[in-house]
Every structure is written in C-alpha cells, then in structure tokens.
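Heads up, the thing below is written out as structure tokens.
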Amino acid sequence: MDIEGEDKKLPVGSCICFPPGSYQYIKAAKGGLIHDWMHLSADFKKIALKYGFIPGKVYTPYNDGFVTELMQSAELEKMNASEFSEDICEMKVSEIIARLVRADKNSHTENISPDVNSAFSEARALIHLEYRKPWEIEQMAELVHLSPSRFFSLYKSIFGISPKSDLLNVRMEHAKNMLVDGKLSVKEVSEMTGYTNIYHFIRSFKAHTGKTPGKYRKSNSI
C-alpha cells in the first residue's frame, strides 16, 4: 500500500481512512486482493473526533471480521432505505471506528518492537488461514519461537484478545457463512471449522451467537 509516497507492507486485516483527495494505491503481496471499502461524507469528521480516530493512520484490529460484518449490514440498510436508515448506518460506522481505536490502544499497552509485531501478525494470519487445524497454544507459540506463556501474553497485548478466543471468532465467522450458504449439513460445517465433535460445535456456536446452528441458518436464509 502507498502511504504518503512510501510503499508499505501491511498485515492482513489492516484498515485505513484516506483523507479527501489523497492518492490511493493498494496491491496484494500474494494472490488476489479482497477488501472492504466505503466513501465517507463530511459528517464523518464528528465521529473521528469523538473517538480520536486519525485519518491516514493504519489500524490493525485484533479481529477484523467485525469490519466486514458491519459494512455489509450498513450497505444493506442503505440499499433498502427506510425510516431511520441514515441513523442506523451512522451507528454502524461509529461502531467500526470505536472498535478500531480500542484495538489500537490495546496493542500499545506493552512496548512491543515493530519486528515482534510483524512476526505476530504473520503468525496470526497463518492461524486464521488454517483455522480448521486443531491449534494448541504450544503450536502457535512455535511460530514465533516463544514459550506458550510469553506468546499468550504478547498476543493478547498486541491484538486485545486471547489466541484461542481469536481463533474461535474466526471459526464462528466461517461457520455462519457456511450455514447461510446452505450447501453443507451442520455436521459438515462442524468438521470444516475444526470440530471433531458436533455437540461441542453446537454448544460453542450457541454460546457465540445465541442461536443453535439450525436456528441461525433458518433465521438468516435468503
């Protein structure tokens, strides 16, 4: 990504708000580029000021899934505009900004070098990519050559969430998409998201979403 004339390599899930009229150039280091984007009006300034959000600064949230979820929700609200749609869209944008700023503050609770931060971002990207794998803290820690306890501490400091909770969030996001898609059975979704026990999957899914997989599929089917 080009930032102020300098080509920078950023971790997966990074977010930035380009100021009006700024030059924008984004490319994928490997493979294709998948990204969420939206144009913001002048009213966005009051939201940025409220939360201390800085345009032009790169934010790397501990779990970027909420960005896609909230942006898609705002897009649907905009496309099917009705009473209070503008207010609802503004609340969703505000939530995105608040959560980005909060995650950024959490990542600075400990003085962490850029090299360590980068190593953890790469490890996290791999864990997210291979979310079906039965990851244990020991295996995750080996990715950055640290003890499990030190890995756990730094991971939570950098991303604002524990490694296992982060992995759970990723698995649940994939599970929700598979369930809504409707091509796989609940058992198959369970296996595809790294669960060997379907009942464990159902309990985890209900604790995460408030609904069983079957009810979630039914209430979110198009």
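So you can find residues: chains in the structure tokens are A, B, ... in the order shown, residues in each start at 1, and ligands are numbered from 1 in order.
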Check your understanding: Which residues, written as a PyMOL selection string, have at least one atom at most 9 Å from range 79-94 of chain A, with only C-alpha atoms counted and residues fewer than 4 positions away on the same chain left out?
Key -> chain A and resi 44+47-48+51+70-71+73-75+98-99
The selected residues should be written to file as a tab-separated table (two decimals), in the first residue's frame (atoms: N, CA and C atoms).
```tsv
chain	number	residue	atom	x	y	z
A	44	PHE	N	-18.52	12.53	8.74
A	44	PHE	CA	-17.66	11.56	9.41
A	44	PHE	C	-16.69	12.24	10.37
A	47	ILE	N	-17.48	11.93	14.01
A	47	ILE	CA	-17.25	10.59	14.54
A	47	ILE	C	-15.77	10.39	14.84
A	48	ALA	N	-14.93	10.82	13.89
A	48	ALA	CA	-13.48	10.69	14.06
A	48	ALA	C	-13.00	11.46	15.29
A	51	TYR	N	-13.93	9.78	18.79
A	51	TYR	CA	-13.16	8.61	19.23
A	51	TYR	C	-11.65	8.77	19.10
A	70	LEU	N	-20.14	-5.33	9.76
A	70	LEU	CA	-20.84	-4.05	9.94
A	70	LEU	C	-20.98	-3.29	8.63
A	71	MET	N	-19.97	-3.38	7.76
A	71	MET	CA	-20.05	-2.68	6.48
A	71	MET	C	-21.13	-3.30	5.59
A	73	SER	N	-23.75	-4.87	6.65
A	73	SER	CA	-25.03	-4.52	7.27
A	73	SER	C	-25.44	-3.10	6.90
A	74	ALA	N	-24.45	-2.19	6.92
A	74	ALA	CA	-24.74	-0.79	6.55
A	74	ALA	C	-25.12	-0.68	5.08
A	75	GLU	N	-24.46	-1.47	4.25
A	75	GLU	CA	-24.75	-1.45	2.82
A	75	GLU	C	-26.18	-1.91	2.55
A	98	ALA	N	-15.01	3.05	16.65
A	98	ALA	CA	-14.76	2.85	18.09
A	98	ALA	C	-13.95	1.58	18.33
A	99	ARG	N	-14.29	0.51	17.62
A	99	ARG	CA	-13.60	-0.76	17.83
A	99	ARG	C	-12.19	-0.74	17.26
```
Practice item. Find the residues near Tyr199 in chain A: any atom within 10 Å, counting only C-alpha atoms, skip ones fewer than 4 places away on the same chain, and give them as number ranges by chain. Key: A: 187, 190, 195, 203-205
Output N, CA and C atoms of each residue in that selection to a file, as an mmCIF file, in the first residue's frame.
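As written to disk, result31.cif reads:
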```
data_model
loop_
_atom_site.group_PDB
_atom_site.id
_atom_site.type_symbol
_atom_site.label_atom_id
_atom_site.label_comp_id
_atom_site.auth_asym_id
_atom_site.auth_seq_id
_atom_site.Cartn_x
_atom_site.Cartn_y
_atom_site.Cartn_z
ATOM 1 N N LYS A 187 -23.289 -31.014 10.559
ATOM 2 C CA LYS A 187 -22.160 -31.891 10.861
ATOM 3 C C LYS A 187 -20.965 -31.553 9.970
ATOM 4 N N SER A 190 -19.433 -28.340 11.055
ATOM 5 C CA SER A 190 -18.669 -28.614 12.268
ATOM 6 C C SER A 190 -17.274 -29.111 11.918
ATOM 7 N N TYR A 195 -13.961 -28.851 14.261
ATOM 8 C CA TYR A 195 -14.554 -29.572 15.389
ATOM 9 C C TYR A 195 -14.701 -31.053 15.053
ATOM 10 N N ARG A 203 -22.640 -26.380 20.928
ATOM 11 C CA ARG A 203 -22.553 -25.608 22.178
ATOM 12 C C ARG A 203 -21.742 -24.325 21.978
ATOM 13 N N SER A 204 -20.628 -24.440 21.281
ATOM 14 C CA SER A 204 -19.774 -23.275 21.043
ATOM 15 C C SER A 204 -20.492 -22.243 20.182
ATOM 16 N N PHE A 205 -21.180 -22.729 19.150
ATOM 17 C CA PHE A 205 -21.886 -21.823 18.240
ATOM 18 C C PHE A 205 -23.003 -21.086 18.971
#
```
Review point. When you draw a straight line from CA of Val12 in chain A to CA of His35 in chain A, how long is it in Å?
Key: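 Computed distance, CA of Val12 in chain A to CA of His35 in chain A, equals 9.9 Å.
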Practice item. Skip Asp181 in chain A itself and residues of its chain fewer than 2 positions away, then list as a list in words all residues within 12 Å of it, counting only C-alpha atoms. Key: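 Once the adjacent positions are removed, what remains is His174, Ala175, Lys176, Asn177, Met178, Leu179, Lys183, Leu184, Ser185, Val186, Val189, Tyr216, Arg217, Lys218, Asn220, Ser221 and Ile222 of chain A.
Excluding Phe120 in chain A itself and same-chain residues fewer than 6 positions from it, the residues having an atom within 9 Å of it are Leu143, Val144, Phe151, Leu154, Tyr155 and Ile158 of chain A, counting only C-alpha atoms.
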Residues just named, written with C-alpha atoms as a compact mmCIF listing (two decimals), in the first residue's frame:
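Generated output (selection-v5.txt):
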```txt
# COMPACT_ATOMS: atom_id res chain seq x y z
CA LEU A 143 5.51 -19.95 15.04
CA VAL A 144 7.28 -17.03 16.76
CA PHE A 151 3.23 -15.96 23.45
CA LEU A 154 2.14 -10.77 23.87
CA TYR A 155 -0.69 -11.99 21.64
CA ILE A 158 -0.98 -6.86 20.56
```
Practice item. Extract the full set of alpha helix (DSSP H) residues from chain A according to DSSP on the backbone, and format it as an MDAnalysis selection string. Key: chainID A and resid 44:51 65:79 85:106 114:129 137:142 148:159 163:181 186:192 198:209 213:220
Practice item. Go through A:Lys8, A:Lys156, A:Arg102, A:Lys164 and flag the residue nearest Glu138 in chain A, using only C-alpha atoms for the distances. Key: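 Closest residue, counting only C-alpha atoms: A:Lys164.
Among the candidates A:Val101, A:Met140, A:Lys9, A:Arg124, the one nearest to Gly52 in chain A when counting only C-alpha atoms is A:Val101.
Each of A:Lys211, A:Cys17, A:Met38, A:Glu136 was checked against Ile54 in chain A using only C-alpha atoms; the smallest atom-to-atom distance is that of A:Cys17.
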Exercise for review: Considering only C-alpha atoms, state which residue in the set A:Ala125, A:Lys46, A:Gly56, A:Pro134 is at the smallest distance from Tyr23 in chain A.
Suggested key: A:Gly56
Point to revise | One-decimal distance in Å that lies between CA of Asn117 in chain A and CA of Ser153 in chain A | key: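 CA of Asn117 in chain A lies at a distance of 12.8 Å from CA of Ser153 in chain A.
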**Study point:** Atom pair CA of Ile202 in chain A / CA of Ile96 in chain A: separation (Å)
**Key:**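 That distance, rounded to one decimal, is 28.4 Å.
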Selection: 7 Å around Pro148 in chain A, only C-alpha atoms, excl. self and same-chain fewer than 4 positions, as a PDB file with C-alpha atoms, in the first residue's frame:
```pdb
ATOM      1  CA  ILE A 137      -1.033 -22.659  22.365  1.00  0.00           C
ATOM      2  CA  GLU A 138       2.232 -24.598  22.163  1.00  0.00           C
ATOM      3  CA  ALA A 141       3.959 -20.197  20.148  1.00  0.00           C
ATOM      4  CA  PHE A 152      -0.148 -15.761  25.178  1.00  0.00           C
TER       5      PHE A 152
END
```
